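J.: Next up, upload-v7.cif (mmCIF, C-alpha atoms).
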data_query
loop_
_atom_site.label_atom_id
_atom_site.label_comp_id
_atom_site.auth_asym_id
_atom_site.auth_seq_id
_atom_site.Cartn_x
_atom_site.Cartn_y
_atom_site.Cartn_z
CA MET A 1 -117.40 148.43 -207.83
CA SER A 2 -113.71 148.16 -208.58
CA CYS A 3 -112.79 145.97 -211.51
CA VAL A 4 -110.87 142.78 -210.82
CA LYS A 5 -107.69 142.14 -212.76
CA LYS A 6 -107.94 139.70 -215.64
CA ALA A 7 -105.74 137.10 -213.96
CA GLN A 8 -108.07 137.02 -210.95
CA LYS A 9 -111.36 137.03 -212.80
CA LYS A 10 -113.56 133.98 -212.90
CA SER A 11 -116.07 133.05 -215.57
CA GLY A 12 -119.38 134.76 -214.92
CA SER A 13 -117.88 137.38 -212.63
CA MET A 14 -120.32 140.05 -213.87
CA LEU A 15 -123.41 138.16 -212.67
CA GLY A 16 -125.26 140.12 -210.01
CA HIS A 17 -123.69 143.41 -211.09
CA SER A 18 -125.06 146.23 -213.23
CA ILE A 19 -123.79 149.07 -215.38
CA ASP A 20 -125.09 152.38 -216.71
CA ASN A 21 -126.22 153.70 -213.31
CA GLY A 22 -127.76 150.36 -212.47
CA SER A 23 -130.10 150.26 -215.47
CA LEU A 24 -128.47 147.24 -217.18
CA GLN A 25 -128.51 144.19 -214.90
CA PHE A 26 -126.38 141.13 -215.77
CA ILE A 27 -128.63 138.08 -215.38
CA LYS A 28 -127.07 135.18 -217.33
CA LEU A 29 -123.75 134.17 -218.85
CA ILE A 30 -124.50 133.01 -222.41
CA GLY A 31 -121.07 132.76 -224.04
CA VAL A 32 -117.37 132.59 -223.26
CA GLY A 33 -114.74 133.30 -225.90
CA THR A 34 -111.02 133.81 -226.12
CA TYR A 35 -111.26 137.56 -225.65
CA GLY A 36 -114.36 138.11 -223.53
CA GLU A 37 -117.68 136.96 -222.14
CA VAL A 38 -121.23 137.58 -223.36
CA TYR A 39 -124.10 138.07 -220.95
CA LYS A 40 -127.83 138.44 -221.22
CA THR A 41 -128.85 141.64 -219.47
CA ILE A 42 -132.16 143.31 -218.78
CA HIS A 43 -132.79 147.02 -218.88
CA ARG A 44 -134.79 147.74 -215.75
CA GLY A 45 -136.51 150.86 -217.03
CA GLN A 46 -137.48 149.42 -220.41
CA ASN A 47 -137.90 145.79 -219.32
CA LYS A 48 -135.99 144.87 -222.48
CA GLU A 49 -133.24 142.29 -222.88
CA TYR A 50 -129.84 142.98 -224.42
CA ALA A 51 -126.70 140.95 -225.00
CA VAL A 52 -123.56 142.55 -223.59
CA LYS A 53 -120.03 141.49 -224.51
CA VAL A 54 -117.48 142.30 -221.80
CA LEU A 55 -113.87 142.91 -222.85
CA GLU A 56 -110.76 143.91 -220.95
CA ARG A 57 -109.50 147.31 -222.00
CA LYS A 58 -106.05 147.65 -223.47
CA LYS A 59 -104.29 150.52 -221.78
CA ASN A 60 -102.54 153.14 -223.85
CA LYS A 61 -101.73 156.82 -223.51
CA ILE A 62 -104.33 157.97 -226.01
CA THR A 63 -107.32 156.39 -224.27
CA ASP A 64 -106.06 157.25 -220.79
CA GLN A 65 -105.84 160.89 -221.83
CA ALA A 66 -109.22 160.67 -223.53
CA LEU A 67 -110.84 159.65 -220.27
CA GLU A 68 -110.06 163.11 -218.92
CA GLU A 69 -112.51 164.50 -221.49
CA PRO A 70 -116.31 164.28 -221.03
CA PHE A 71 -116.68 162.32 -224.28
CA VAL A 72 -114.51 159.63 -225.86
CA ASP A 73 -114.73 158.06 -229.30
CA ALA A 74 -115.22 154.38 -228.49
CA ARG A 75 -113.44 153.35 -231.69
CA LEU A 76 -110.20 154.32 -229.95
CA LEU A 77 -110.81 151.75 -227.24
CA SER A 78 -110.89 148.50 -229.22
CA MET A 79 -110.07 147.21 -232.70
CA GLU A 80 -113.23 145.09 -232.56
CA ILE A 81 -115.35 148.16 -231.92
CA ARG A 82 -113.58 150.13 -234.63
CA LEU A 83 -114.30 147.45 -237.22
CA TYR A 84 -117.83 146.84 -235.95
CA ALA A 85 -118.56 150.56 -236.31
CA LYS A 86 -117.45 150.50 -239.97
CA ILE A 87 -120.31 148.18 -240.91
CA PRO A 88 -123.69 149.84 -241.55
CA PRO A 89 -126.68 148.05 -239.97
CA HIS A 90 -127.85 144.90 -241.71
CA PRO A 91 -130.79 142.62 -240.76
CA ASN A 92 -128.48 139.59 -240.62
CA ILE A 93 -125.76 141.17 -238.48
CA ILE A 94 -126.41 141.58 -234.79
CA ARG A 95 -127.24 145.22 -234.12
CA LEU A 96 -124.77 147.29 -232.13
CA GLU A 97 -126.74 149.45 -229.72
CA ARG A 98 -124.00 151.33 -227.88
CA ILE A 99 -120.65 151.08 -226.15
CA LEU A 100 -120.07 151.61 -222.43
CA HIS A 101 -116.77 151.54 -220.61
CA THR A 102 -114.94 151.90 -217.35
CA ARG A 103 -111.21 152.38 -217.00
CA ASP A 104 -110.68 148.62 -217.12
CA GLN A 105 -113.52 147.15 -219.16
CA LEU A 106 -115.52 147.64 -222.34
CA PHE A 107 -119.20 146.74 -222.65
CA ILE A 108 -120.55 146.18 -226.16
CA VAL A 109 -124.32 146.41 -225.88
CA MET A 110 -126.10 144.51 -228.67
CA GLU A 111 -129.59 143.40 -229.55
CA ASN A 112 -130.53 140.11 -227.94
CA CYS A 113 -131.21 137.17 -230.27
CA SER A 114 -132.98 134.57 -228.16
CA GLY A 115 -132.95 131.53 -230.45
CA GLY A 116 -129.43 130.38 -229.53
CA ASP A 117 -126.50 129.91 -231.89
CA LEU A 118 -126.47 127.77 -235.01
CA TYR A 119 -124.29 125.12 -233.38
CA GLU A 120 -126.78 124.64 -230.54
CA ASN A 121 -129.66 124.40 -232.97
CA ILE A 122 -127.97 121.91 -235.30
CA SER A 123 -126.80 119.71 -232.46
CA GLY A 124 -129.53 119.86 -229.88
CA ASN A 125 -132.83 121.26 -231.17
CA PRO A 126 -135.10 118.52 -232.58
CA HIS A 127 -137.48 121.16 -233.96
CA PHE A 128 -134.75 122.82 -236.00
CA HIS A 129 -134.67 120.38 -238.88
CA LEU A 130 -131.97 121.04 -241.47
CA PRO A 131 -130.67 117.87 -243.20
CA GLY A 132 -133.05 117.26 -246.07
CA ASN A 133 -134.81 120.60 -245.59
CA ASP A 134 -133.42 122.35 -248.66
CA ALA A 135 -135.67 125.40 -248.40
CA LEU A 136 -134.54 126.24 -244.87
CA ILE A 137 -130.87 125.48 -245.59
CA LYS A 138 -130.93 127.79 -248.58
CA ARG A 139 -132.79 130.52 -246.73
CA LEU A 140 -130.44 130.62 -243.74
CA PHE A 141 -127.25 130.27 -245.76
CA ILE A 142 -128.16 133.04 -248.20
CA GLN A 143 -128.85 135.30 -245.22
CA LEU A 144 -125.38 134.47 -243.93
CA LEU A 145 -123.87 135.18 -247.36
CA ASN A 146 -125.65 138.53 -247.42
CA ALA A 147 -124.24 139.40 -244.00
CA VAL A 148 -120.66 138.46 -244.88
CA SER A 149 -120.74 140.15 -248.29
CA HIS A 150 -122.09 143.27 -246.54
CA CYS A 151 -119.05 143.21 -244.24
CA HIS A 152 -116.71 142.73 -247.20
CA ARG A 153 -118.32 145.61 -249.04
CA TYR A 154 -117.28 147.92 -246.20
CA GLY A 155 -113.79 146.46 -245.89
CA VAL A 156 -114.26 144.13 -242.91
CA TYR A 157 -113.26 140.45 -243.13
CA HIS A 158 -114.58 138.25 -240.33
CA ARG A 159 -111.95 135.43 -240.14
CA ASP A 160 -113.89 133.47 -237.50
CA LEU A 161 -117.00 132.31 -239.31
CA LYS A 162 -118.46 129.23 -237.60
CA PRO A 163 -121.89 128.07 -236.32
CA GLU A 164 -121.12 129.34 -232.81
CA ASN A 165 -120.81 132.88 -234.23
CA ILE A 166 -124.16 132.75 -236.00
CA LEU A 167 -127.28 133.37 -233.94
CA VAL A 168 -130.75 132.10 -234.82
CA THR A 169 -133.93 134.04 -234.14
CA GLN A 170 -136.58 132.53 -231.90
CA ASP A 171 -138.77 131.51 -234.85
CA GLY A 172 -135.88 129.68 -236.53
CA LEU A 173 -136.32 131.65 -239.76
CA ASN A 174 -133.40 134.06 -239.62
CA VAL A 175 -129.73 134.20 -238.66
CA LYS A 176 -127.52 137.01 -237.41
CA LEU A 177 -123.73 137.19 -237.59
CA ILE A 178 -121.84 138.05 -234.40
CA ASP A 179 -118.33 138.37 -232.92
CA PHE A 180 -115.87 140.56 -234.80
CA GLY A 181 -113.06 139.90 -232.33
CA LEU A 182 -110.76 138.37 -234.98
CA SER A 183 -111.89 140.57 -237.85
CA THR A 184 -109.53 142.66 -239.94
CA ASP A 185 -109.79 145.44 -242.47
CA LYS A 186 -106.75 144.16 -244.35
CA GLN A 187 -107.28 142.41 -247.68
CA TRP A 188 -104.07 140.47 -247.03
CA SER A 189 -103.07 139.17 -243.63
CA ASN A 190 -99.86 137.72 -242.20
CA GLU A 191 -101.57 136.40 -239.05
CA ILE A 192 -101.12 132.70 -239.73
CA GLY A 193 -103.23 130.41 -237.58
CA CYS A 194 -105.99 132.93 -236.88
CA GLY A 195 -109.46 131.40 -236.63
CA SER A 196 -111.16 128.21 -235.44
CA ALA A 197 -109.64 124.92 -236.52
CA TYR A 198 -112.57 123.27 -238.33
CA TYR A 199 -113.20 126.37 -240.46
CA MET A 200 -109.69 127.65 -241.20
CA SER A 201 -108.59 127.60 -244.82
CA PRO A 202 -105.31 125.86 -245.71
CA GLU A 203 -103.61 129.14 -246.58
CA SER A 204 -104.53 130.69 -243.21
CA GLN A 205 -102.59 127.83 -241.59
CA GLY A 206 -99.46 128.41 -243.66
CA GLY A 207 -100.50 126.52 -246.80
CA LEU A 208 -99.90 122.90 -247.77
CA ASP A 209 -96.17 123.54 -247.95
CA SER A 210 -96.11 125.46 -244.64
CA LYS A 211 -94.36 128.30 -246.47
CA THR A 212 -97.29 130.69 -246.92
CA THR A 213 -96.69 133.93 -245.02
CA HIS A 214 -99.67 136.00 -246.25
CA TYR A 215 -103.19 135.10 -247.35
CA ALA A 216 -106.15 136.92 -248.89
CA THR A 217 -108.83 137.45 -246.26
CA ALA A 218 -111.92 137.44 -248.53
CA PRO A 219 -111.29 133.93 -249.98
CA ASN A 220 -110.48 132.77 -246.45
CA ASP A 221 -114.04 133.73 -245.39
CA VAL A 222 -115.44 131.90 -248.44
CA TRP A 223 -113.71 128.68 -247.36
CA ALA A 224 -115.32 128.91 -243.91
CA LEU A 225 -118.71 129.52 -245.53
CA GLY A 226 -118.26 126.36 -247.60
CA ILE A 227 -117.63 124.30 -244.46
CA ILE A 228 -120.65 125.87 -242.75
CA LEU A 229 -122.84 124.92 -245.73
CA ILE A 230 -121.71 121.30 -245.33
CA ASN A 231 -122.64 121.60 -241.63
CA LEU A 232 -126.12 122.82 -242.55
CA ALA A 233 -126.74 120.16 -245.18
CA THR A 234 -125.33 117.16 -243.30
CA GLY A 235 -124.89 118.06 -239.63
CA ARG A 236 -121.22 117.13 -239.97
CA ASN A 237 -117.75 118.53 -240.42
CA PRO A 238 -115.72 117.06 -243.29
CA TRP A 239 -112.48 116.98 -241.25
CA ASN A 240 -110.93 118.31 -238.08
CA ARG A 241 -108.49 120.58 -239.84
CA ALA A 242 -107.64 121.41 -243.47
CA HIS A 243 -104.04 120.41 -243.02
CA LEU A 244 -101.78 117.59 -244.20
CA SER A 245 -101.79 116.18 -240.67
CA ASP A 246 -105.50 115.32 -241.08
CA SER A 247 -106.10 112.01 -242.87
CA LEU A 248 -109.59 112.93 -244.12
CA PHE A 249 -108.37 116.19 -245.58
CA CYS A 250 -105.52 114.33 -247.30
CA ARG A 251 -108.10 111.95 -248.76
CA TYR A 252 -109.99 114.94 -250.12
CA LEU A 253 -106.80 116.30 -251.71
CA LYS A 254 -106.28 113.00 -253.54
CA ASP A 255 -109.88 112.65 -254.69
CA LYS A 256 -112.16 115.70 -254.60
CA SER A 257 -115.22 113.55 -255.30
CA PHE A 258 -114.63 111.41 -252.23
CA LEU A 259 -116.26 113.86 -249.81
CA CYS A 260 -119.25 114.36 -252.12
CA GLN A 261 -119.72 110.60 -252.39
CA ALA A 262 -119.57 110.18 -248.64
CA ILE A 263 -122.31 112.72 -247.93
CA ASN A 264 -124.46 111.81 -250.97
CA ALA A 265 -124.19 115.31 -252.40
CA THR A 266 -126.24 116.06 -255.48
CA PRO A 267 -124.28 117.07 -258.59
CA SER A 268 -125.10 120.74 -258.04
CA PHE A 269 -124.09 120.60 -254.38
CA SER A 270 -120.91 118.73 -255.32
CA HIS A 271 -120.05 121.59 -257.67
CA ILE A 272 -120.68 124.13 -254.91
CA ILE A 273 -118.43 122.24 -252.50
CA GLN A 274 -115.59 121.99 -254.96
CA ARG A 275 -115.83 125.69 -255.83
CA ALA A 276 -116.13 126.94 -252.23
CA ILE A 277 -113.42 124.76 -250.69
CA GLU A 278 -111.03 124.88 -253.60
CA VAL A 279 -107.57 124.58 -252.01
CA ASP A 280 -106.07 127.26 -254.27
CA PRO A 281 -107.58 130.54 -252.99
CA MET A 282 -107.01 132.19 -256.37
CA LYS A 283 -109.28 129.59 -258.01
CA ARG A 284 -111.86 129.57 -255.20
CA CYS A 285 -115.24 131.07 -256.03
CA THR A 286 -116.11 134.55 -254.84
CA ILE A 287 -118.82 135.12 -252.30
CA TYR A 288 -121.08 136.43 -255.07
CA GLU A 289 -120.56 133.34 -257.21
CA LEU A 290 -121.24 131.18 -254.15
CA LYS A 291 -124.56 132.94 -253.61
CA GLU A 292 -125.59 132.39 -257.23
CA LEU A 293 -124.66 128.70 -257.04
CA VAL A 294 -126.65 128.18 -253.84
CA GLU A 295 -129.68 130.04 -255.17
CA ASN A 296 -129.71 127.72 -258.19
CA CYS A 297 -129.26 124.53 -256.15
CA LYS A 298 -132.62 122.76 -255.80
CA GLN A 299 -131.41 119.88 -253.65
CA PHE A 300 -128.29 119.42 -251.54
CA ILE A 301 -128.35 115.78 -250.48
CA CYS A 302 -129.81 112.98 -252.61
CA SER A 303 -130.77 109.40 -251.90
CA ARG A 304 -128.19 106.67 -252.46
CA SER A 305 -130.01 105.36 -255.53
CA LEU A 306 -130.21 108.81 -257.10
CA PHE A 307 -126.53 109.40 -256.34
CA LEU A 308 -125.50 106.17 -258.03
CA SER A 309 -127.57 106.89 -261.10
CA ASN A 310 -126.00 110.34 -261.40
CA THR A 311 -122.41 109.16 -260.96
CA SER A 312 -122.81 105.93 -262.99
CA LYS A 313 -120.47 104.11 -260.63
CA GLU A 314 -120.72 100.58 -259.35
CA PRO A 315 -121.68 100.80 -255.69
CA SER A 316 -119.84 97.66 -254.71
CA GLU A 317 -116.49 98.92 -255.96
CA ASN A 318 -116.45 102.69 -255.85
CA VAL A 319 -119.12 104.15 -253.64
CA SER A 320 -120.41 102.12 -250.74
CA PRO A 321 -117.10 100.95 -249.23
CA ASN A 322 -115.55 104.41 -249.39
CA SER A 323 -118.67 106.01 -248.02
CA ARG A 324 -118.81 103.56 -245.13
CA ILE A 325 -115.17 104.19 -244.27
CA TYR A 326 -115.58 107.94 -244.53
CA ASN A 327 -118.81 108.02 -242.54
CA ASP A 328 -117.17 106.04 -239.75
CA LYS A 329 -114.54 108.77 -239.40
CA ILE A 330 -116.28 111.95 -240.50
CA THR A 331 -116.80 114.40 -237.66
CA ARG A 332 -120.35 114.98 -236.50
CA VAL A 333 -121.23 118.56 -235.68
CA THR A 334 -123.47 117.17 -232.93
CA ASN A 335 -120.61 115.83 -230.84
CA ASP A 336 -117.27 117.22 -231.96
CA LEU A 337 -117.41 120.92 -232.78
CA SER A 338 -114.70 123.25 -231.52
CA ASP A 339 -115.89 125.86 -229.06
CA LYS A 340 -112.58 127.68 -228.81
CA THR A 341 -111.20 130.34 -231.09
CA ILE A 342 -107.47 130.18 -231.63
CA ASN A 343 -105.00 132.75 -232.86
CA SER A 344 -101.47 132.75 -234.17
CA GLU A 345 -99.97 132.99 -230.69
CA GLU A 346 -101.94 130.09 -229.22
CA GLY A 347 -101.26 127.67 -232.08
CA TYR A 348 -103.56 124.77 -232.80
CA SER A 349 -104.47 123.46 -229.37
CA VAL A 350 -108.25 123.25 -229.69
CA ALA A 351 -110.58 122.51 -226.81
CA ARG A 352 -113.66 120.52 -227.78
CA LYS A 353 -117.14 120.31 -226.35
CA SER A 354 -117.98 117.16 -224.46
CA SER A 355 -119.50 114.35 -226.48
CA SER A 356 -123.24 114.38 -226.96
CA PRO A 357 -125.39 111.25 -227.39
CA ASN A 358 -127.42 113.02 -230.06
CA LYS A 359 -127.33 111.47 -233.51
CA ILE A 360 -127.83 113.23 -236.78
CA ASP A 361 -131.06 111.35 -237.44
CA PHE A 362 -132.79 112.91 -234.42
CA PHE A 363 -134.23 115.62 -236.66
CA LYS A 364 -137.86 114.62 -237.27
CA ASN A 365 -140.04 117.61 -237.97
CA GLN A 366 -140.06 118.80 -241.57
CA PHE A 367 -140.15 122.54 -242.01
CA VAL A 368 -140.91 124.53 -245.13
CA ALA A 369 -139.38 127.97 -245.02
CA GLN A 370 -141.73 130.86 -245.58
CA GLU A 371 -140.72 134.17 -247.08
CA VAL A 372 -140.24 136.73 -244.36
CA HIS A 373 -139.09 140.24 -245.10
CA ASN A 374 -136.58 141.82 -242.74
CA ASN A 375 -136.90 145.56 -242.30
CA VAL A 376 -133.93 147.46 -240.93
CA GLU A 377 -135.16 149.05 -237.75
CA ILE A 378 -134.41 152.67 -236.99
CA THR A 379 -133.13 152.79 -233.44
CA GLU A 380 -132.53 155.63 -231.03
CA ASP A 381 -129.65 155.14 -228.66
CA TYR A 382 -131.33 156.02 -225.38
CA ASN A 383 -128.05 157.08 -223.80
CA THR A 384 -126.77 159.49 -226.44
CA GLY A 385 -129.86 160.24 -228.53
CA VAL A 386 -128.07 159.30 -231.74
CA TYR A 387 -130.20 157.73 -234.47
CA ILE A 388 -128.91 154.70 -236.35
CA ASP A 389 -130.31 153.55 -239.66
CA SER A 390 -129.06 151.88 -242.80
CA ALA A 391 -128.76 155.13 -244.74
CA ASN A 392 -127.06 157.28 -242.12
CA TYR A 393 -124.89 155.09 -239.94
CA LEU A 394 -123.38 156.20 -236.69
CA ASN A 395 -119.84 157.36 -237.46
CA SER A 396 -118.60 157.21 -233.90
CA TYR A 397 -119.83 156.36 -230.43
CA ASN A 398 -119.12 159.30 -228.16
CA ILE A 399 -119.77 157.99 -224.70
CA PHE A 400 -120.18 160.13 -221.62
CA HIS A 401 -117.88 158.27 -219.28
CA HIS A 402 -119.29 159.57 -215.97
CA LYS A 403 -122.44 157.46 -216.46
CA GLN A 404 -120.67 154.20 -217.11
CA MET A 405 -119.13 153.21 -213.80
CA MET A 406 -120.41 149.90 -212.54
CA SER A 407 -122.73 149.99 -209.58
#
How would this structure read if it were set down as structure tokens?
T.:
Amino acid sequence: MSCVKKAQKKSGSMLGHSIDNGSLQFIKLIGVGTYGEVYKTIHRGQNKEYAVKVLERKKNKITDQALEEPFVDARLLSMEIRLYAKIPPHPNIIRLERILHTRDQLFIVMENCSGGDLYENISGNPHFHLPGNDALIKRLFIQLLNAVSHCHRYGVYHRDLKPENILVTQDGLNVKLIDFGLSTDKQWSNEIGCGSAYYMSPESQGGLDSKTTHYATAPNDVWALGIILINLATGRNPWNRAHLSDSLFCRYLKDKSFLCQAINATPSFSHIIQRAIEVDPMKRCTIYELKELVENCKQFICSRSLFLSNTSKEPSENVSPNSRIYNDKITRVTNDLSDKTINSEEGYSVARKSSSPNKIDFFKNQFVAQEVHNNVEITEDYNTGVYIDSANYLNSYNIFHHKQMMS
């Protein structure tokens, strides 16, 4: 089939089609992002499901010439693929199986994680209980920290960490990081406004004085992780945007304890919040310090009476009124989470998901996390015969282009 130009394409246009000589059938559209779509596919011969991200190819002389050869290094075709290929396999990062391409499109074939994304589970799965479930919060967040620190170790900085880019396994015990479309291998970036509004650090938006032209990418990821931890512990976002135009963020700047009071954070969780979302990136905790703090945190949210006894404040004057005001305005993850990634060219126009009637107190079933060991699976790419494991990672994806035309 001939590929349709991007301007003419409609969402879900791959449904009903197949690739790889008809072996991979597109059966369901499961995600739409700024730069591509993600589909659930089934391999007819293996009867196995995969997730496939479809991207438009950027045309350049190098890749056009490369197509004249029987093999092409897929890292030449996309920055996302190049960065993805730098990261050795990790149990909490979605596994890259292989890359297919036509002259107009790229197909990133990944393992399928059938439990949905973290946003969907927080907002709409009554069996996925997080607020008050400290063992599960800690388990999932430490897995996420391990995934991000693994990326950093190999020089890849995600820059779009958010619940929609974190998948949950079917049993609800494990998470897997996805979507490296906005990632970079630069320790310092000048791409101001790159990310998703709720999770962008102040410096990535130009700083409080709007004069910042470069920011460190590792601390930027730590900020997003801090916001995600608040999501996990409370089901809420602290503000719409860490910018002076946001009244709740301004309130936080004036009084760092205000947010912790509003969500009834324990003293140890309050310390974590203030270290992870420290406005000055040079004073912000590292990802390794954040992991240590979370591992040593026994409880994230406390009861009102315990909070008052720990802070030794009069509830009538200092706590209850502020908390009521803040809780009236604070953004619930369940009904106001951005589903659009923005970049420096698109600015800050953020599309939001439609409101949901779900309330944060719909979580009912308590869940005690059990220790489950993740073993890195050794996988054979059935198209190229290349073995991938954690010790000897695939250095390049050489794809035989004659097999990859869409049927």
J.: As an exercise, work out the distance from CA of Leu244 in chain A to CA of Ile277 in chain A in Å and give it to one decimal place.
T.: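 Atom-to-atom, CA of Leu244 in chain A and CA of Ile277 in chain A are spaced 15.1 Å apart.
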J.: Name the residues captured by the PyMOL selection byres ((chain A and resi 185-200) around 7) when it is applied to the shown file; answer as a PyMOL selection string.
T.: chain A and resi 155-157+159-160+162+184+201-202+204-206+213-218+224+227+239-242+340-344+347
J.: Can you give me, as number ranges by chain, the residues this file yields under the PyMOL selection byres ((chain A and resi 282-284) around 12)?
T.: A: 201, 203, 215-226, 271-281, 285-290
J.: Just to confirm, what's the straight-line distance from CA of Gly116 in chain A to CA of Cys260 in chain A in Å (one decimal)?
T.: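 Result for CA of Gly116 in chain A versus CA of Cys260 in chain A: 29.5 Å, one decimal.
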J.: For range 135-139 of chain A, please output as a PyMOL selection string all residues within 9 Å (counting only C-alpha atoms; exclusion window: fewer than 2 positions along the same chain).
T.: chain A and resi 129-133+141-144+173-174+229+232-233+294-295+297-300+367-371
J.: Let's have the selection written as a short mmCIF file (atom, residue, chain, number, x, y, z; two decimals), in the frame of the given file, with C-alpha atoms.
T.:
data_model
loop_
_atom_site.label_atom_id
_atom_site.label_comp_id
_atom_site.auth_asym_id
_atom_site.auth_seq_id
_atom_site.Cartn_x
_atom_site.Cartn_y
_atom_site.Cartn_z
CA HIS A 129 -134.67 120.38 -238.88
CA LEU A 130 -131.97 121.04 -241.47
CA PRO A 131 -130.67 117.87 -243.20
CA GLY A 132 -133.05 117.26 -246.07
CA ASN A 133 -134.81 120.60 -245.59
CA PHE A 141 -127.25 130.27 -245.76
CA ILE A 142 -128.16 133.04 -248.20
CA GLN A 143 -128.85 135.30 -245.22
CA LEU A 144 -125.38 134.47 -243.93
CA LEU A 173 -136.32 131.65 -239.76
CA ASN A 174 -133.40 134.06 -239.62
CA LEU A 229 -122.84 124.92 -245.73
CA LEU A 232 -126.12 122.82 -242.55
CA ALA A 233 -126.74 120.16 -245.18
CA VAL A 294 -126.65 128.18 -253.84
CA GLU A 295 -129.68 130.04 -255.17
CA CYS A 297 -129.26 124.53 -256.15
CA LYS A 298 -132.62 122.76 -255.80
CA GLN A 299 -131.41 119.88 -253.65
CA PHE A 300 -128.29 119.42 -251.54
CA PHE A 367 -140.15 122.54 -242.01
CA VAL A 368 -140.91 124.53 -245.13
CA ALA A 369 -139.38 127.97 -245.02
CA GLN A 370 -141.73 130.86 -245.58
CA GLU A 371 -140.72 134.17 -247.08
#
J.: How many Å lie between CA of Arg236 in chain A and CA of Lys53 in chain A, rounded to one decimal?
T.: 28.9 Å
J.: Generate the coordinates of N, CA and C atoms for range 80-96 of chain A; report them as a PDB file, in the frame of the given file.
T.:
ATOM      1  N   GLU A  80    -111.941 145.718-232.255  1.00  0.00           N
ATOM      2  CA  GLU A  80    -113.230 145.090-232.560  1.00  0.00           C
ATOM      3  C   GLU A  80    -114.319 146.131-232.726  1.00  0.00           C
ATOM      4  N   ILE A  81    -114.345 147.101-231.837  1.00  0.00           N
ATOM      5  CA  ILE A  81    -115.350 148.160-231.920  1.00  0.00           C
ATOM      6  C   ILE A  81    -115.125 149.022-233.157  1.00  0.00           C
ATOM      7  N   ARG A  82    -113.878 149.313-233.451  1.00  0.00           N
ATOM      8  CA  ARG A  82    -113.580 150.130-234.630  1.00  0.00           C
ATOM      9  C   ARG A  82    -114.075 149.480-235.901  1.00  0.00           C
ATOM     10  N   LEU A  83    -113.849 148.162-236.025  1.00  0.00           N
ATOM     11  CA  LEU A  83    -114.300 147.450-237.220  1.00  0.00           C
ATOM     12  C   LEU A  83    -115.812 147.286-237.230  1.00  0.00           C
ATOM     13  N   TYR A  84    -116.376 146.986-236.072  1.00  0.00           N
ATOM     14  CA  TYR A  84    -117.830 146.840-235.950  1.00  0.00           C
ATOM     15  C   TYR A  84    -118.517 148.132-236.391  1.00  0.00           C
ATOM     16  N   ALA A  85    -117.962 149.268-235.989  1.00  0.00           N
ATOM     17  CA  ALA A  85    -118.560 150.560-236.310  1.00  0.00           C
ATOM     18  C   ALA A  85    -118.454 150.921-237.783  1.00  0.00           C
ATOM     19  N   LYS A  86    -117.578 150.242-238.534  1.00  0.00           N
ATOM     20  CA  LYS A  86    -117.450 150.500-239.970  1.00  0.00           C
ATOM     21  C   LYS A  86    -118.591 149.906-240.779  1.00  0.00           C
ATOM     22  N   ILE A  87    -119.305 148.940-240.177  1.00  0.00           N
ATOM     23  CA  ILE A  87    -120.310 148.180-240.910  1.00  0.00           C
ATOM     24  C   ILE A  87    -121.689 148.793-240.688  1.00  0.00           C
ATOM     25  N   PRO A  88    -122.335 149.331-241.720  1.00  0.00           N
ATOM     26  CA  PRO A  88    -123.690 149.840-241.550  1.00  0.00           C
ATOM     27  C   PRO A  88    -124.641 148.726-241.115  1.00  0.00           C
ATOM     28  N   PRO A  89    -125.738 149.078-240.451  1.00  0.00           N
ATOM     29  CA  PRO A  89    -126.680 148.050-239.970  1.00  0.00           C
ATOM     30  C   PRO A  89    -127.172 147.154-241.095  1.00  0.00           C
ATOM     31  N   HIS A  90    -127.363 145.899-240.756  1.00  0.00           N
ATOM     32  CA  HIS A  90    -127.850 144.900-241.710  1.00  0.00           C
ATOM     33  C   HIS A  90    -128.747 143.937-240.934  1.00  0.00           C
ATOM     34  N   PRO A  91    -129.863 143.493-241.512  1.00  0.00           N
ATOM     35  CA  PRO A  91    -130.790 142.620-240.760  1.00  0.00           C
ATOM     36  C   PRO A  91    -130.189 141.300-240.345  1.00  0.00           C
ATOM     37  N   ASN A  92    -129.087 140.875-240.970  1.00  0.00           N
ATOM     38  CA  ASN A  92    -128.480 139.590-240.620  1.00  0.00           C
ATOM     39  C   ASN A  92    -127.142 139.740-239.906  1.00  0.00           C
ATOM     40  N   ILE A  93    -126.906 140.927-239.360  1.00  0.00           N
ATOM     41  CA  ILE A  93    -125.760 141.170-238.480  1.00  0.00           C
ATOM     42  C   ILE A  93    -126.316 141.726-237.182  1.00  0.00           C
ATOM     43  N   ILE A  94    -125.860 141.157-236.069  1.00  0.00           N
ATOM     44  CA  ILE A  94    -126.410 141.580-234.790  1.00  0.00           C
ATOM     45  C   ILE A  94    -126.226 143.084-234.616  1.00  0.00           C
ATOM     46  N   ARG A  95    -127.250 143.764-234.171  1.00  0.00           N
ATOM     47  CA  ARG A  95    -127.240 145.220-234.120  1.00  0.00           C
ATOM     48  C   ARG A  95    -126.448 145.729-232.912  1.00  0.00           C
ATOM     49  N   LEU A  96    -125.541 146.633-233.180  1.00  0.00           N
ATOM     50  CA  LEU A  96    -124.770 147.290-232.130  1.00  0.00           C
ATOM     51  C   LEU A  96    -125.578 148.457-231.588  1.00  0.00           C
TER      52      LEU A  96
END
